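Student: Structure provided below as structure tokens; questions to follow.
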Amino acid sequence: MVVQRSLNDKLASALPYHYREARVYRESALELKRDYAGRTTYPAYKDTLDVDAREKQIVNLTMQSCEAFVMNLAASRPRFSVSSRYAQYEDFAQKMQRALDRYAEELYLEEQLQEIARDSFGLVGVAKVYQASSAAVGLEVDYRMDPGRPFLKRMSVDRLVWDTGSTSPEDVSFIGDYYSMPFRQAIRTRRFSQSVRQQIRDMGPENYQADADKGEDLAKSQNAESVEDLIYLVDVWVRQPKKIGDKRYASHIRTYVCDRNLNLKLNDQPVQIIGWEGEECGPYYFLNMGPVPDHFMPSSPGQNQRLLQQFYNTLYRKLEDQARRMKIVGTAAKGSGDHEIARDARDGEWVEFTEPQAVSNIRLDGPDQNIMGLMIHTGEQHSQAAGNLKAKLGLAQTADTATQERMIGAMVSRLEAFYQQRYVSFVRKAARGLAKLIFHDASLTIPGKFTVPGVSFGLDVPDDFLPYGELHEDGSPSREGEYDYYRVDIDPYSMGYQSPGEKAAFIDSQVTKLMPAMPFLAQLGVQFDPNVYFDEMANLTNTPVLRKLFKTNQAPMAPEGGGGQDMPSTGGPNGQYTHTSQSTRSPESEAMQMFQAPQQEGAAA
């Protein structure tokens with residue numbers, strides 16, 4: 001008779017096994033991180049530094065390439081354009097767009113995305129979307145978390161465990177991550193039952209003297225003891241399809257107490273089980289820049305450039321050794337005494353040698369020109385593999401013509417366009433997962449105000465994104481039904497780096513393009529404000545003098561209804577107003593007007 005094993009038993013054996021199987025990926029990522037950090041400067045890797053000076057890293061091409069990679073992808077906080085396929089839901093889509101933009105600011109989303117982009121340069125970037133009911137959010141394992149609010153966090157591959165037999169993130173049967181939690185909070189939190197808290201109290205905190213696999217986990221401190229007593233938990237998302245006609249979520253997240261090798265404790269029983277309410281793909285989203293068919297882990301830009309970076313530094317070290325050994329030795333015939341005369345002679349002085357032909361210099365060693373040429377060629381190959389690294393960093397020589405500059409920019413943008421497409425797709429998926437959790441959250445309020453467009457005096461109206469099921473002031477519900485019914489599409493933008501000079505150039509080009517159309521725009525009520533233009537250009541170009549270059553001697557016009565001294569009277573008999581026209585013409589023009597024929601009574605003055 002075959003005994004069916006429970007899901008807890010299966011996970012108890014699967015988690016440590018698959019965590020060991022994924023060790024090769026963690027080691028690969030670690031090696032690239034060492035190259036990025038600099039092997040002779042970063043204290044976190046002091047136990048694995050190369051003690052041999054010949055292995056030192058002189059030029060850190062990995063860091064340059066990685067920073068250029070991140071700068072072009074995730075330099076700024078994303079803004080979201082949200083639309084709906086149904087016209088009747090367009091107003092709701094716009095409201096969700098403003099709520100997402102405000103919520104991204106509260107989550108410090110740009111910081112998380114930048115770290116994820118750096119991870120994808122070396123191996124793979126992973127984002128986790130937390131539900132408000134998860135244990136990590138309840139105890140704020142990250143200072144940017146707020147209890148009871150959905151959160152998006154960068155997840156290190158060192159803390160990740162998944163079904164290593166799967167060929168892609170889409171077909172994994174389970175995936176999880178482990179994290180630490182203060183012991184004092186774990187035994188007090190209401191997220192766990194009273195019996196679970198008692199078991200954790202009896203078990204005690206993690207024993208830091210335990211035998212863990214060394215070098216397996218970057219999260220482990222170099223010190224044997226921690227400042228605070230901790231325990232380790234692992235969240236495991238288990239994929240289970242829904243049954244036909246069943247509206248409940250079959251996929252769920254189980255939280256277990258474990259050690260640093262993911263061996264489960266507390267008799268392999270979970271301390272929390274919550275149904276997954278987000279996207280069907282689960283809470284984990286993967287950013288990979290080099291998909292490999294039938295393989296879970298991708299190729300990456302950093303891996304493809306690593307050997308070139310190492311070879312470049314090898315050649316540089318070789319040239320350094322040759323330069324250190326180089327010396328010039330003077331020679332003279334033995335016994336002639338010419339060596340003393342040559343040694344003591346001043347620059348430009350005439351001296352007499354017994355044997356002038358026997359006095360010479362010998363150059364010993366020195367940088368080899370062939371190695372120098374090979375090093376320059378290797379650097380160019382690395383720049384090419386990085387998508388013209390010098391051009392992306394602004395270090396390349398300027399082309400002779402604007403046409404050549406555009407051609408270089410177009411070649412750079414081809415590779416960048418591929419990376420940007422992958423990155424935008426990743427952010428879109430993660431934002432959809434976050435938006436779905438926000439949509440169904442029954443306690444989350446995202447406060448805010450909305451400035452009504454087209455109103456000159458600036459009208460602000462309340463624009464709070466209310467919890468699910470709550471009513472607006474007019475009695476209408478905040479939203480109804482399921483998230484998928486609204487058919488919203490989320491498109492992130494404004495994430496790449498733009499220098500102040502680029503912003504100033506864009507503003508200037510738009511003003512130049514629209515100036516010929518100003519007479520037509522004036523008929524529509526659109527006016528150009530030079531003061532705003534010069535203020536923005538002065539700020540972006542760091543040139544405050546622009547504010548002083550253009551002045552006007554004309555007194556500023558008083559606002560409508562301002563009651564200034566040059567304003568007409570408030571009214572005359574029978575509610576009539578007296579209108580006056582103040583001329584700005586010269587005194588000569590005013591004198592010529594006095595000689596003109598008087599106007600008829602009732603004509604405008």
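A note on labels: chains of the structure tokens are A, B, ... as shown, every chain counts residues from 1, and ligands are counted from 1 in their shown order.
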Residues near range 174-180 of chain A, anyone? I mean within 7 Å using only C-alpha atoms, not counting same-chain ones fewer than 2 positions away, as a list in words.
Tutor: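 Contacts, in chain order: Arg159, Leu160, Val161, Trp162, Asp163, Val172, Pro182, Leu230, Ile231, Tyr232, Leu233, Val234, Asp235, Val236, Trp237, Val238 and Arg239 of chain A.
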Student: Skipping near chain neighbours, those fewer than 3 positions away, what residues fall within 9 Å of His382 in chain A using only C-alpha atoms, listed as a ChimeraX atom specification?
Tutor: /A:61,305-306,308-309,312,377-379,385-389
Student: I need the chosen residues saved as a compact mmCIF listing (two decimals), in the first residue's frame, with N, CA, C and O atoms.
Tutor:
# COMPACT_ATOMS: atom_id res chain seq x y z
N LEU A 61 36.09 47.44 -14.79
CA LEU A 61 35.17 47.57 -15.93
C LEU A 61 33.79 47.04 -15.59
O LEU A 61 32.79 47.50 -16.15
N GLN A 305 30.51 39.44 -20.09
CA GLN A 305 31.62 40.39 -20.14
C GLN A 305 32.72 40.05 -19.14
O GLN A 305 33.79 40.65 -19.18
N ARG A 306 32.47 39.08 -18.28
CA ARG A 306 33.38 38.86 -17.16
C ARG A 306 34.77 38.42 -17.61
O ARG A 306 35.79 38.91 -17.10
N LEU A 308 36.31 39.01 -20.40
CA LEU A 308 37.02 40.13 -21.01
C LEU A 308 37.55 41.07 -19.94
O LEU A 308 38.67 41.59 -20.05
N GLN A 309 36.76 41.30 -18.89
CA GLN A 309 37.19 42.16 -17.81
C GLN A 309 38.40 41.57 -17.09
O GLN A 309 39.36 42.27 -16.76
N TYR A 312 41.49 41.77 -19.39
CA TYR A 312 41.96 43.15 -19.47
C TYR A 312 42.82 43.49 -18.26
O TYR A 312 43.90 44.08 -18.38
N HIS A 377 42.99 46.51 -27.41
CA HIS A 377 42.00 45.75 -28.20
C HIS A 377 40.99 45.05 -27.29
O HIS A 377 39.78 45.04 -27.58
N THR A 378 41.47 44.49 -26.18
CA THR A 378 40.56 43.82 -25.24
C THR A 378 39.58 44.81 -24.63
O THR A 378 38.39 44.51 -24.44
N GLY A 379 40.08 46.02 -24.31
CA GLY A 379 39.18 47.04 -23.78
C GLY A 379 38.11 47.44 -24.78
O GLY A 379 36.95 47.66 -24.41
N ALA A 385 31.00 44.63 -26.17
CA ALA A 385 30.11 43.67 -25.53
C ALA A 385 29.14 44.36 -24.58
O ALA A 385 28.02 43.88 -24.36
N ALA A 386 29.56 45.49 -24.01
CA ALA A 386 28.70 46.24 -23.09
C ALA A 386 27.79 47.21 -23.82
O ALA A 386 27.12 48.02 -23.16
N GLY A 387 27.76 47.17 -25.15
CA GLY A 387 26.88 48.07 -25.89
C GLY A 387 27.47 49.45 -26.06
O GLY A 387 26.78 50.45 -25.88
N ASN A 388 28.77 49.51 -26.42
CA ASN A 388 29.49 50.78 -26.57
C ASN A 388 29.50 51.51 -25.23
O ASN A 388 28.86 52.55 -25.05
N LEU A 389 30.25 50.93 -24.30
CA LEU A 389 30.28 51.44 -22.94
C LEU A 389 30.75 52.88 -22.87
O LEU A 389 30.21 53.69 -22.10
Student: Taking the DSSP secondary structure from the backbone, can you list the residues of range 29-207 of chain A that are helix (DSSP H, G or I), as an MDAnalysis selection string?
Tutor: chainID A and resid 29:37 43:48 53:55 61:74 87:106 109:122 135:139 157:159 169:171 183:186 194:203
Student: Could the residues in this selection be saved with C-alpha atoms as a tab-separated table (two decimals), in the first residue's frame?
Tutor:
chain	number	residue	atom	x	y	z
A	29	ALA	CA	26.51	35.58	-8.68
A	30	LEU	CA	28.98	35.94	-5.80
A	31	GLU	CA	32.00	35.89	-8.13
A	32	LEU	CA	30.54	38.67	-10.24
A	33	LYS	CA	29.72	40.69	-7.13
A	34	ARG	CA	33.35	40.44	-6.10
A	35	ASP	CA	34.41	41.79	-9.48
A	36	TYR	CA	31.90	44.58	-9.15
A	37	ALA	CA	32.89	45.52	-5.60
A	43	PRO	CA	35.55	44.47	3.50
A	44	ALA	CA	32.53	42.16	3.16
A	45	TYR	CA	34.65	39.75	1.14
A	46	LYS	CA	37.80	39.95	3.26
A	47	ASP	CA	37.77	36.20	3.92
A	48	THR	CA	37.88	35.43	0.21
A	53	ALA	CA	49.01	40.87	-5.42
A	54	ARG	CA	49.06	39.59	-9.00
A	55	GLU	CA	45.29	39.05	-8.80
A	61	LEU	CA	35.17	47.57	-15.93
A	62	THR	CA	32.41	45.51	-14.30
A	63	MET	CA	31.30	48.39	-12.10
A	64	GLN	CA	31.40	50.86	-15.00
A	65	SER	CA	29.35	48.56	-17.21
A	66	CYS	CA	26.84	47.76	-14.46
A	67	GLU	CA	26.28	51.41	-13.49
A	68	ALA	CA	25.78	52.39	-17.13
A	69	PHE	CA	23.33	49.49	-17.43
A	70	VAL	CA	21.32	50.59	-14.38
A	71	MET	CA	21.51	54.28	-15.28
A	72	ASN	CA	19.82	53.69	-18.62
A	73	LEU	CA	17.10	51.48	-17.14
A	74	ALA	CA	16.18	52.40	-13.59
A	87	ALA	CA	-14.63	53.46	-21.95
A	88	GLN	CA	-16.90	53.38	-18.89
A	89	TYR	CA	-13.94	52.44	-16.68
A	90	GLU	CA	-11.53	55.08	-17.98
A	91	ASP	CA	-12.16	57.41	-15.03
A	92	PHE	CA	-11.37	54.58	-12.62
A	93	ALA	CA	-8.19	53.80	-14.58
A	94	GLN	CA	-7.04	57.41	-14.24
A	95	LYS	CA	-7.75	57.33	-10.51
A	96	MET	CA	-5.73	54.13	-10.13
A	97	GLN	CA	-2.91	55.73	-12.13
A	98	ARG	CA	-2.64	58.60	-9.68
A	99	ALA	CA	-2.87	56.19	-6.72
A	100	LEU	CA	-0.06	54.00	-8.11
A	101	ASP	CA	2.20	57.01	-8.64
A	102	ARG	CA	1.67	58.13	-5.04
A	103	TYR	CA	2.08	54.61	-3.67
A	104	ALA	CA	5.34	54.09	-5.61
A	105	GLU	CA	6.73	57.15	-3.85
A	106	GLU	CA	5.78	55.77	-0.43
A	109	LEU	CA	10.09	51.91	-5.48
A	110	GLU	CA	13.03	53.34	-7.42
A	111	GLU	CA	15.49	51.98	-4.83
A	112	GLN	CA	14.10	48.46	-5.08
A	113	LEU	CA	14.07	48.53	-8.89
A	114	GLN	CA	17.64	49.78	-9.10
A	115	GLU	CA	18.84	46.87	-6.97
A	116	ILE	CA	16.82	44.45	-9.09
A	117	ALA	CA	18.38	45.86	-12.25
A	118	ARG	CA	21.87	45.37	-10.76
A	119	ASP	CA	21.00	41.77	-9.94
A	120	SER	CA	19.85	41.17	-13.52
A	121	PHE	CA	23.20	42.45	-14.79
A	122	GLY	CA	24.97	39.66	-12.92
A	135	ALA	CA	4.18	37.76	8.33
A	136	ALA	CA	7.05	39.83	6.87
A	137	VAL	CA	4.82	42.88	6.35
A	138	GLY	CA	3.26	42.49	9.75
A	139	LEU	CA	6.67	42.63	11.46
A	157	VAL	CA	19.02	35.05	-5.16
A	158	ASP	CA	21.02	34.01	-2.07
A	159	ARG	CA	17.74	33.74	-0.17
A	169	PRO	CA	9.66	30.57	-13.71
A	170	GLU	CA	6.25	29.92	-15.25
A	171	ASP	CA	6.21	26.17	-14.57
A	183	PHE	CA	12.85	36.65	18.21
A	184	ARG	CA	11.07	39.01	20.63
A	185	GLN	CA	8.65	40.03	17.88
A	186	ALA	CA	7.99	36.47	16.75
A	194	GLN	CA	-0.84	31.27	20.72
A	195	SER	CA	0.33	27.67	20.45
A	196	VAL	CA	2.79	28.60	17.68
A	197	ARG	CA	4.20	31.47	19.73
A	198	GLN	CA	4.69	29.11	22.65
A	199	GLN	CA	6.52	26.60	20.44
A	200	ILE	CA	8.81	29.37	19.13
A	201	ARG	CA	9.50	30.49	22.72
A	202	ASP	CA	10.38	26.92	23.73
A	203	MET	CA	12.59	26.47	20.68
Student: With only C-alpha atoms as the counted atoms, please give the residues lying no more than 12 Å from Arg479 in chain A, apart from itself and same-chain residues fewer than 6 positions off, as a PyMOL selection string.
Tutor: chain A and resi 89+91-93+95-96+438-442+465-472+485-486
Student: Counting only C-alpha atoms, what are the residues of range 345-375 of chain A within 8 Å of range 316-321 of chain A, and for each of them which pair of atoms is the nearest and at what distance in Å, to one decimal? Sort the table by chain and rising number, as a tab-separated table.
Tutor:
residue	atom	partner	partner_atom	distance
A:Gly366	CA	A:Leu319	CA	7.9
A:Pro367	CA	A:Leu319	CA	5.3
A:Asp368	CA	A:Leu319	CA	7.1
A:Ile371	CA	A:Leu319	CA	7.4
A:Met372	CA	A:Leu319	CA	7.3
A:Met375	CA	A:Tyr316	CA	7.0
Student: Keeping only N, CA and C atoms, write the selected residues as a PDB file, in the first residue's frame.
Tutor:
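To be explicit, this is the file written out as again.pdb:
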ATOM      1  N   GLY A 366      60.642  46.808 -19.342  1.00  0.00           N
ATOM      2  CA  GLY A 366      59.737  47.904 -19.640  1.00  0.00           C
ATOM      3  C   GLY A 366      58.477  47.398 -20.318  1.00  0.00           C
ATOM      4  N   PRO A 367      57.411  48.205 -20.389  1.00  0.00           N
ATOM      5  CA  PRO A 367      56.140  47.790 -20.991  1.00  0.00           C
ATOM      6  C   PRO A 367      56.311  47.341 -22.430  1.00  0.00           C
ATOM      7  N   ASP A 368      55.742  46.185 -22.720  1.00  0.00           N
ATOM      8  CA  ASP A 368      55.826  45.625 -24.060  1.00  0.00           C
ATOM      9  C   ASP A 368      54.726  46.224 -24.946  1.00  0.00           C
ATOM     10  N   ILE A 371      51.856  43.769 -25.876  1.00  0.00           N
ATOM     11  CA  ILE A 371      50.886  43.587 -24.796  1.00  0.00           C
ATOM     12  C   ILE A 371      50.012  44.831 -24.655  1.00  0.00           C
ATOM     13  N   MET A 372      50.621  45.996 -24.814  1.00  0.00           N
ATOM     14  CA  MET A 372      49.844  47.232 -24.758  1.00  0.00           C
ATOM     15  C   MET A 372      48.764  47.253 -25.839  1.00  0.00           C
ATOM     16  N   MET A 375      45.991  44.844 -24.920  1.00  0.00           N
ATOM     17  CA  MET A 375      45.156  45.360 -23.846  1.00  0.00           C
ATOM     18  C   MET A 375      44.152  46.379 -24.390  1.00  0.00           C
TER      19      MET A 375
END
Student: Can you work out the spacing between CA of Tyr130 in chain A and CA of Gly282 in chain A in Å, to one decimal?
Tutor: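 For CA of Tyr130 in chain A relative to CA of Gly282 in chain A, the distance reads 10.2 Å.
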Student: Residues of range 241-320 of chain A classed as strand (DSSP E or B) by DSSP on the backbone are to be reported as a list in words.
Tutor: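 Residues of range 241-320 of chain A classed as strand (DSSP E or B): His252, Ile253, Arg254, Thr255, Tyr256, Val257, Cys258, Leu264, Gln272, Ile273, Ile274, Gly275, Tyr284, Tyr285, Phe286 and Leu287 of chain A.
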Student: Write to file, as a tab-separated table (two decimals), in the first residue's frame, the residues of the selection just made, with N, CA, C and O atoms.
Tutor:
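The resulting file, result_18.tsv, is shown below:
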chain	number	residue	atom	x	y	z
A	252	HIS	N	-1.44	29.22	-2.51
A	252	HIS	CA	-1.34	29.82	-1.20
A	252	HIS	C	0.12	29.95	-0.80
A	252	HIS	O	1.02	29.42	-1.47
A	253	ILE	N	0.36	30.66	0.29
A	253	ILE	CA	1.70	30.87	0.82
A	253	ILE	C	1.76	30.27	2.21
A	253	ILE	O	0.93	30.57	3.07
A	254	ARG	N	2.77	29.42	2.42
A	254	ARG	CA	2.98	28.78	3.72
A	254	ARG	C	4.25	29.35	4.34
A	254	ARG	O	5.28	29.48	3.65
A	255	THR	N	4.19	29.66	5.61
A	255	THR	CA	5.34	30.20	6.34
A	255	THR	C	5.79	29.17	7.37
A	255	THR	O	4.99	28.70	8.19
A	256	TYR	N	7.08	28.81	7.31
A	256	TYR	CA	7.67	27.82	8.21
A	256	TYR	C	8.83	28.46	8.97
A	256	TYR	O	9.51	29.38	8.47
A	257	VAL	N	9.10	27.94	10.16
A	257	VAL	CA	10.33	28.25	10.88
A	257	VAL	C	11.41	27.31	10.37
A	257	VAL	O	11.18	26.10	10.21
A	258	CYS	N	12.60	27.84	10.10
A	258	CYS	CA	13.66	27.01	9.51
A	258	CYS	C	15.01	27.48	10.03
A	258	CYS	O	15.10	28.43	10.82
A	264	LEU	N	13.34	22.54	8.02
A	264	LEU	CA	12.16	23.01	8.73
A	264	LEU	C	12.18	22.56	10.19
A	264	LEU	O	12.69	21.49	10.52
A	272	GLN	N	1.88	29.81	9.52
A	272	GLN	CA	0.86	30.64	8.89
A	272	GLN	C	0.59	30.12	7.50
A	272	GLN	O	1.50	29.72	6.77
A	273	ILE	N	-0.65	30.13	7.09
A	273	ILE	CA	-1.07	29.78	5.73
A	273	ILE	C	-2.05	30.86	5.29
A	273	ILE	O	-3.06	31.10	5.95
A	274	ILE	N	-1.74	31.53	4.19
A	274	ILE	CA	-2.64	32.55	3.65
A	274	ILE	C	-2.88	32.27	2.18
A	274	ILE	O	-1.99	31.84	1.45
A	275	GLY	N	-4.12	32.47	1.73
A	275	GLY	CA	-4.43	32.31	0.32
A	275	GLY	C	-3.85	33.43	-0.51
A	275	GLY	O	-3.83	34.59	-0.11
A	284	TYR	N	6.35	36.24	-7.05
A	284	TYR	CA	7.72	36.46	-7.48
A	284	TYR	C	7.75	36.80	-8.97
A	284	TYR	O	7.12	36.13	-9.79
A	285	TYR	N	8.54	37.85	-9.30
A	285	TYR	CA	8.68	38.29	-10.68
A	285	TYR	C	10.16	38.34	-11.02
A	285	TYR	O	10.98	38.83	-10.22
A	286	PHE	N	10.50	37.86	-12.20
A	286	PHE	CA	11.90	37.68	-12.58
A	286	PHE	C	12.27	38.60	-13.74
A	286	PHE	O	11.53	38.71	-14.72
A	287	LEU	N	13.42	39.27	-13.59
A	287	LEU	CA	13.98	40.12	-14.64
A	287	LEU	C	15.23	39.45	-15.17
A	287	LEU	O	16.24	39.37	-14.47
Student: Which polymer residues have any atom within 12 Å of an atom of range 340-357 of chain A, counting only C-alpha atoms, with same-chain residues fewer than 6 positions away left out, as a PyMOL selection string?
Tutor: chain A and resi 329-334
Student: Calculate how many Å separate CA of Gln527 in chain A from CA of Phe80 in chain A, rounding to one decimal.
Tutor: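 Value for the CA of Gln527 in chain A-CA of Phe80 in chain A distance: 28.9 Å.
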